[in-house]
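S.K.: One structure follows; several queries about it will come next.
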Amino acid sequence: MLQVSKLLPQGQGLAPVLLKRATTVELDWDVRQKSRFAATDSAGRELGIFLPRGTLVRGGDVLVAEDGSMVRVIAAPQPVLVITHCQHHGTPFDLTRAAYHLGNRHVPIELQPDHLKIEPDHVLADMLRAMHLIVTEQNMAFEPEGGAYAAGHGGGHSHGGHGHGDDHHHGHGQGHSHDHDHDHTHDHGHTHEHSHAAAPATAPARGRTVSIPVVAQGHVHGPDCNHDH
């Protein structure tokens, strides 16, 4: 068995001619989210993959074997649920709502501008259809988001030369604070205090009852809605 312990995200730095010479290995997401697994490449070689824990293998990545040979990874088609918004009665924002609710359930999601993908789950499919989304079963490659701080690189795209697994955290702990109630002095000789808290446009008088109108967000179904419910 040939051991593999190095991965080049999307074959970065490799000449196209080298990529053409590389063998290939076709793997589904269940295997590619593991850092240690066995596989067989297109040349029939048995591979033992041992990558740093937490590494996600993406379609287009290149594995480098101990003998220097390279193996290009292909994301294998697999059963997925493709989620789209209803073009007749919904809006693309419906997908944002769906991603929020799926994320609350820690469901792996592939995010695309016009659709979402998740692994088959009839309970989630029913929930999404009840939200007036269209859910169809298809056989496609699956590349879910890897999480903001996941090891390895994340959702199938590059971020200017660094992956999601490096120490490039986008937090606020780098020597600065966001305490917004502060004094500051202007060059024209006066000091004033201010707060960044947003105030209501008109404050109601104390003791007065203020009614807030509620806008109903109804959904009218049509013959082409195809929500299956």
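Identifiers in this document derive from the order of the structure tokens: chains are assigned A, B, ..., residues are numbered from 1 separately in each chain, and ligands are numbered from 1 in order of occurrence.
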Can you pull out every residue within 8 Å of Ala22 in chain A, counting only C-alpha atoms, but drop anything in the same chain fewer than 5 positions away, and send it as a ChimeraX atom specification?
M.R.: /A:69-72
S.K.: Output the selection as an mmCIF file, in the first residue's frame - C-alpha atoms for each residue.
M.R.:
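Full text of result.cif as output:
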data_model
loop_
_atom_site.group_PDB
_atom_site.id
_atom_site.type_symbol
_atom_site.label_atom_id
_atom_site.label_comp_id
_atom_site.auth_asym_id
_atom_site.auth_seq_id
_atom_site.Cartn_x
_atom_site.Cartn_y
_atom_site.Cartn_z
ATOM 1 C CA SER A 69 3.510 10.651 -7.467
ATOM 2 C CA MET A 70 0.315 12.692 -7.483
ATOM 3 C CA VAL A 71 -3.339 11.700 -7.333
ATOM 4 C CA ARG A 72 -6.075 14.171 -8.299
#
S.K.: Taking 6 positions as the minimum chain separation for residues in the same chain, which residues sit within 6 Å of Ile49 in chain A when counting only C-alpha atoms? Answer as a tab-separated table (two decimals) with N, CA, C and O atoms, in the first residue's frame.
M.R.:
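Saved the output as result28.tsv:
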chain	number	residue	atom	x	y	z
A	4	VAL	N	0.07	8.11	1.63
A	4	VAL	CA	-0.12	9.51	1.22
A	4	VAL	C	-0.30	10.34	2.48
A	4	VAL	O	-1.18	10.06	3.30
A	36	ARG	N	-8.17	10.00	7.54
A	36	ARG	CA	-7.48	8.71	7.38
A	36	ARG	C	-8.43	7.72	6.72
A	36	ARG	O	-9.47	7.39	7.28
A	37	PHE	N	-8.04	7.25	5.54
A	37	PHE	CA	-8.87	6.29	4.83
A	37	PHE	C	-8.04	5.59	3.76
A	37	PHE	O	-6.92	6.01	3.43
A	38	ALA	N	-8.58	4.52	3.23
A	38	ALA	CA	-7.94	3.77	2.14
A	38	ALA	C	-8.71	4.00	0.86
A	38	ALA	O	-9.93	4.21	0.88
S.K.: Which value, in Å to one decimal, gives the distance between CA of Gly60 in chain A and CA of Gly11 in chain A?
M.R.: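 The value is 6.9 Å.
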S.K.: Out of A:Ala130, A:Arg105, A:Gly146, A:Asp30, which residue has the shortest atom-to-atom distance to Leu56 in chain A when counting only C-alpha atoms?
M.R.: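 Counting only C-alpha atoms, the residue closest to Leu56 in chain A is A:Gly146.
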S.K.: Where in range 30-131 of chain A does DSSP assign strand (DSSP E or B), given as a ChimeraX atom specification?
M.R.: /A:36-40,46-50,62-65,70-75,78-85,110-111,116-118
S.K.: Could you save the residues just selected, with N, CA and C atoms, as a CSV table (one decimal), in the first residue's frame?
M.R.:
chain,number,residue,atom,x,y,z
A,36,ARG,N,-8.2,10.0,7.5
A,36,ARG,CA,-7.5,8.7,7.4
A,36,ARG,C,-8.4,7.7,6.7
A,37,PHE,N,-8.0,7.3,5.5
A,37,PHE,CA,-8.9,6.3,4.8
A,37,PHE,C,-8.0,5.6,3.8
A,38,ALA,N,-8.6,4.5,3.2
A,38,ALA,CA,-7.9,3.8,2.1
A,38,ALA,C,-8.7,4.0,0.9
A,39,ALA,N,-8.0,4.0,-0.3
A,39,ALA,CA,-8.7,4.2,-1.6
A,39,ALA,C,-7.8,3.5,-2.6
A,40,THR,N,-8.4,3.4,-3.8
A,40,THR,CA,-7.7,2.8,-5.0
A,40,THR,C,-7.8,3.9,-6.1
A,46,GLU,N,-3.2,0.7,-4.5
A,46,GLU,CA,-3.9,0.9,-3.2
A,46,GLU,C,-3.2,2.0,-2.4
A,47,LEU,N,-4.0,2.9,-1.9
A,47,LEU,CA,-3.5,4.1,-1.2
A,47,LEU,C,-3.9,4.1,0.2
A,48,GLY,N,-3.0,4.5,1.1
A,48,GLY,CA,-3.3,4.7,2.5
A,48,GLY,C,-3.2,6.1,2.8
A,49,ILE,N,-4.3,6.9,3.0
A,49,ILE,CA,-4.2,8.3,3.2
A,49,ILE,C,-4.2,8.6,4.7
A,50,PHE,N,-3.1,9.4,5.1
A,50,PHE,CA,-2.9,9.8,6.5
A,50,PHE,C,-2.7,11.3,6.5
A,62,VAL,N,-5.1,17.7,-4.7
A,62,VAL,CA,-4.1,16.8,-5.2
A,62,VAL,C,-3.4,16.1,-4.0
A,63,LEU,N,-3.4,14.8,-4.0
A,63,LEU,CA,-2.7,14.1,-2.9
A,63,LEU,C,-1.3,13.7,-3.5
A,64,VAL,N,-0.3,13.8,-2.6
A,64,VAL,CA,1.0,13.5,-3.0
A,64,VAL,C,1.5,12.3,-2.2
A,65,ALA,N,1.8,11.2,-2.9
A,65,ALA,CA,2.2,10.0,-2.3
A,65,ALA,C,3.7,10.0,-1.9
A,70,MET,N,1.5,11.9,-7.9
A,70,MET,CA,0.3,12.7,-7.5
A,70,MET,C,-1.0,12.0,-7.9
A,71,VAL,N,-2.0,12.3,-7.1
A,71,VAL,CA,-3.3,11.7,-7.3
A,71,VAL,C,-4.4,12.8,-7.2
A,72,ARG,N,-5.1,13.1,-8.3
A,72,ARG,CA,-6.1,14.2,-8.3
A,72,ARG,C,-7.4,13.6,-7.8
A,73,VAL,N,-8.0,14.3,-6.9
A,73,VAL,CA,-9.3,13.9,-6.3
A,73,VAL,C,-10.5,14.4,-7.1
A,74,ILE,N,-11.4,13.5,-7.3
A,74,ILE,CA,-12.7,13.8,-8.0
A,74,ILE,C,-13.8,13.6,-7.0
A,75,ALA,N,-14.6,14.6,-6.8
A,75,ALA,CA,-15.8,14.4,-6.0
A,75,ALA,C,-16.8,13.6,-6.6
A,78,GLN,N,-23.2,11.7,-5.7
A,78,GLN,CA,-23.9,11.0,-4.6
A,78,GLN,C,-25.3,11.5,-4.4
A,79,PRO,N,-26.2,10.8,-3.8
A,79,PRO,CA,-27.6,11.3,-3.6
A,79,PRO,C,-27.6,12.5,-2.7
A,80,VAL,N,-28.2,13.6,-3.1
A,80,VAL,CA,-28.4,14.8,-2.4
A,80,VAL,C,-29.8,15.4,-2.6
A,81,LEU,N,-30.1,16.3,-1.7
A,81,LEU,CA,-31.4,17.1,-1.8
A,81,LEU,C,-31.0,18.5,-2.3
A,82,VAL,N,-31.5,18.9,-3.4
A,82,VAL,CA,-31.2,20.2,-4.0
A,82,VAL,C,-32.4,21.1,-3.6
A,83,ILE,N,-32.1,22.2,-3.0
A,83,ILE,CA,-33.2,23.1,-2.5
A,83,ILE,C,-33.1,24.4,-3.2
A,84,THR,N,-34.3,24.8,-3.8
A,84,THR,CA,-34.4,26.0,-4.6
A,84,THR,C,-35.6,26.8,-4.1
A,85,HIS,N,-35.7,28.1,-4.3
A,85,HIS,CA,-36.8,28.9,-3.9
A,85,HIS,C,-37.9,28.8,-5.0
A,110,GLU,N,-24.1,22.6,1.4
A,110,GLU,CA,-23.4,23.2,0.3
A,110,GLU,C,-24.1,24.5,-0.1
A,111,LEU,N,-23.5,25.6,0.0
A,111,LEU,CA,-24.1,26.9,-0.4
A,111,LEU,C,-23.7,27.3,-1.8
A,116,LEU,N,-29.3,25.3,-2.5
A,116,LEU,CA,-28.5,24.7,-1.4
A,116,LEU,C,-28.5,23.2,-1.7
A,117,LYS,N,-27.6,22.5,-1.1
A,117,LYS,CA,-27.6,21.0,-1.1
A,117,LYS,C,-27.4,20.5,0.3
A,118,ILE,N,-28.1,19.4,0.6
A,118,ILE,CA,-27.9,18.7,1.8
A,118,ILE,C,-28.0,17.2,1.5
S.K.: With distances taken over only C-alpha atoms, which residue among A:Asp67, A:Asp121, A:Asp41, A:Asp61 lies nearest Leu102 in chain A?
M.R.: A:Asp121
S.K.: Please determine, counting only C-alpha atoms, which residue among A:Met1, A:Ala141, A:Leu124, A:Ile109 has the shortest atom-to-atom distance to Gly59 in chain A.
M.R.: A:Ala141
S.K.: So the first atom is CA of Glu143 in chain A and the second is CA of Thr96 in chain A; what is the distance between them in Å, to one decimal place?
M.R.: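 Here the two named atoms are 17.8 Å from each other.
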S.K.: Would you work out the distance separating CA of Cys86 in chain A from CA of Asp126 in chain A, expressed in Å to one decimal?
M.R.: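 Spanning CA of Cys86 in chain A to CA of Asp126 in chain A is a straight-line distance of 15.1 Å.
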S.K.: Could you check which of A:Pro144, A:Ser42, A:Thr91, A:Met131 is closest to Arg21 in chain A, using only C-alpha atoms?
M.R.: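 Once distances to Arg21 in chain A are computed over only C-alpha atoms, the minimum belongs to A:Ser42.
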S.K.: As a list in words, please: the residues near Gly90 in chain A (cut-off 8 Å, only C-alpha atoms, same-chain neighbours under 3 positions excluded).
M.R.: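 Neighbouring residues, sequence-local ones excluded: His85, Cys86, Gln87, Asp94, His132, Leu133 and His219 of chain A.
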S.K.: Could you dump the residues just selected with all heavy atoms as a JSON list (two decimals), in the first residue's frame?
M.R.:
[["chain", "number", "residue", "atom", "x", "y", "z"],
["A", 85, "HIS", "N", -35.65, 28.11, -4.33],
["A", 85, "HIS", "CA", -36.83, 28.88, -3.94],
["A", 85, "HIS", "C", -37.90, 28.79, -5.03],
["A", 85, "HIS", "O", -37.59, 28.50, -6.19],
["A", 85, "HIS", "CB", -36.46, 30.34, -3.68],
["A", 85, "HIS", "CG", -36.19, 31.14, -4.91],
["A", 85, "HIS", "ND1", -34.98, 31.10, -5.60],
["A", 85, "HIS", "CD2", -36.99, 31.99, -5.61],
["A", 85, "HIS", "CE1", -35.05, 31.89, -6.65],
["A", 85, "HIS", "NE2", -36.24, 32.46, -6.68],
["A", 86, "CYS", "N", -39.13, 29.03, -4.66],
["A", 86, "CYS", "CA", -40.23, 29.02, -5.62],
["A", 86, "CYS", "C", -40.18, 30.31, -6.43],
["A", 86, "CYS", "O", -40.37, 31.40, -5.90],
["A", 86, "CYS", "CB", -41.56, 28.90, -4.88],
["A", 86, "CYS", "SG", -42.99, 28.97, -5.99],
["A", 87, "GLN", "N", -39.91, 30.20, -7.72],
["A", 87, "GLN", "CA", -39.76, 31.39, -8.55],
["A", 87, "GLN", "C", -41.09, 32.10, -8.80],
["A", 87, "GLN", "O", -41.10, 33.28, -9.17],
["A", 87, "GLN", "CB", -39.11, 31.01, -9.89],
["A", 87, "GLN", "CG", -37.69, 30.48, -9.72],
["A", 87, "GLN", "CD", -37.01, 30.21, -11.05],
["A", 87, "GLN", "OE1", -37.60, 30.41, -12.11],
["A", 87, "GLN", "NE2", -35.77, 29.77, -11.00],
["A", 94, "ASP", "N", -35.57, 33.26, 0.60],
["A", 94, "ASP", "CA", -36.06, 32.03, 1.23],
["A", 94, "ASP", "C", -34.92, 31.04, 1.46],
["A", 94, "ASP", "O", -34.95, 30.26, 2.42],
["A", 94, "ASP", "CB", -37.14, 31.38, 0.37],
["A", 94, "ASP", "CG", -38.40, 32.24, 0.27],
["A", 94, "ASP", "OD1", -38.62, 33.08, 1.16],
["A", 94, "ASP", "OD2", -39.16, 32.06, -0.70],
["A", 132, "HIS", "N", -42.17, 26.52, 2.01],
["A", 132, "HIS", "CA", -42.45, 26.93, 0.62],
["A", 132, "HIS", "C", -41.23, 26.88, -0.28],
["A", 132, "HIS", "O", -41.13, 27.64, -1.24],
["A", 132, "HIS", "CB", -43.07, 28.34, 0.59],
["A", 132, "HIS", "CG", -44.17, 28.52, 1.59],
["A", 132, "HIS", "ND1", -45.29, 27.72, 1.61],
["A", 132, "HIS", "CD2", -44.31, 29.41, 2.60],
["A", 132, "HIS", "CE1", -46.08, 28.12, 2.60],
["A", 132, "HIS", "NE2", -45.52, 29.13, 3.22],
["A", 133, "LEU", "N", -40.29, 25.97, 0.03],
["A", 133, "LEU", "CA", -39.13, 25.76, -0.82],
["A", 133, "LEU", "C", -39.34, 24.50, -1.66],
["A", 133, "LEU", "O", -40.12, 23.62, -1.30],
["A", 133, "LEU", "CB", -37.87, 25.62, 0.03],
["A", 133, "LEU", "CG", -37.43, 26.93, 0.69],
["A", 133, "LEU", "CD1", -36.67, 26.65, 1.97],
["A", 133, "LEU", "CD2", -36.57, 27.76, -0.25],
["A", 219, "HIS", "N", -48.48, 33.32, 1.83],
["A", 219, "HIS", "CA", -47.90, 32.65, 0.66],
["A", 219, "HIS", "C", -49.04, 32.01, -0.11],
["A", 219, "HIS", "O", -49.73, 31.15, 0.41],
["A", 219, "HIS", "CB", -46.89, 31.60, 1.12],
["A", 219, "HIS", "CG", -46.21, 30.93, -0.04],
["A", 219, "HIS", "ND1", -45.09, 31.43, -0.64],
["A", 219, "HIS", "CD2", -46.53, 29.80, -0.72],
["A", 219, "HIS", "CE1", -44.73, 30.63, -1.63],
["A", 219, "HIS", "NE2", -45.59, 29.64, -1.69]]
S.K.: DSSP on the backbone, alpha helix (DSSP H) only: what residues of range 85-156 of chain A does that give? Format it as a PyMOL selection string.
M.R.: chain A and resi 93-104+122-130
S.K.: Between A:Arg58, A:Arg129, A:Lys6, A:His89, which one has atoms that come closest to Asp28 in chain A, using only C-alpha atoms?
M.R.: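 Under the stated criterion, the closest residue is A:Arg58.
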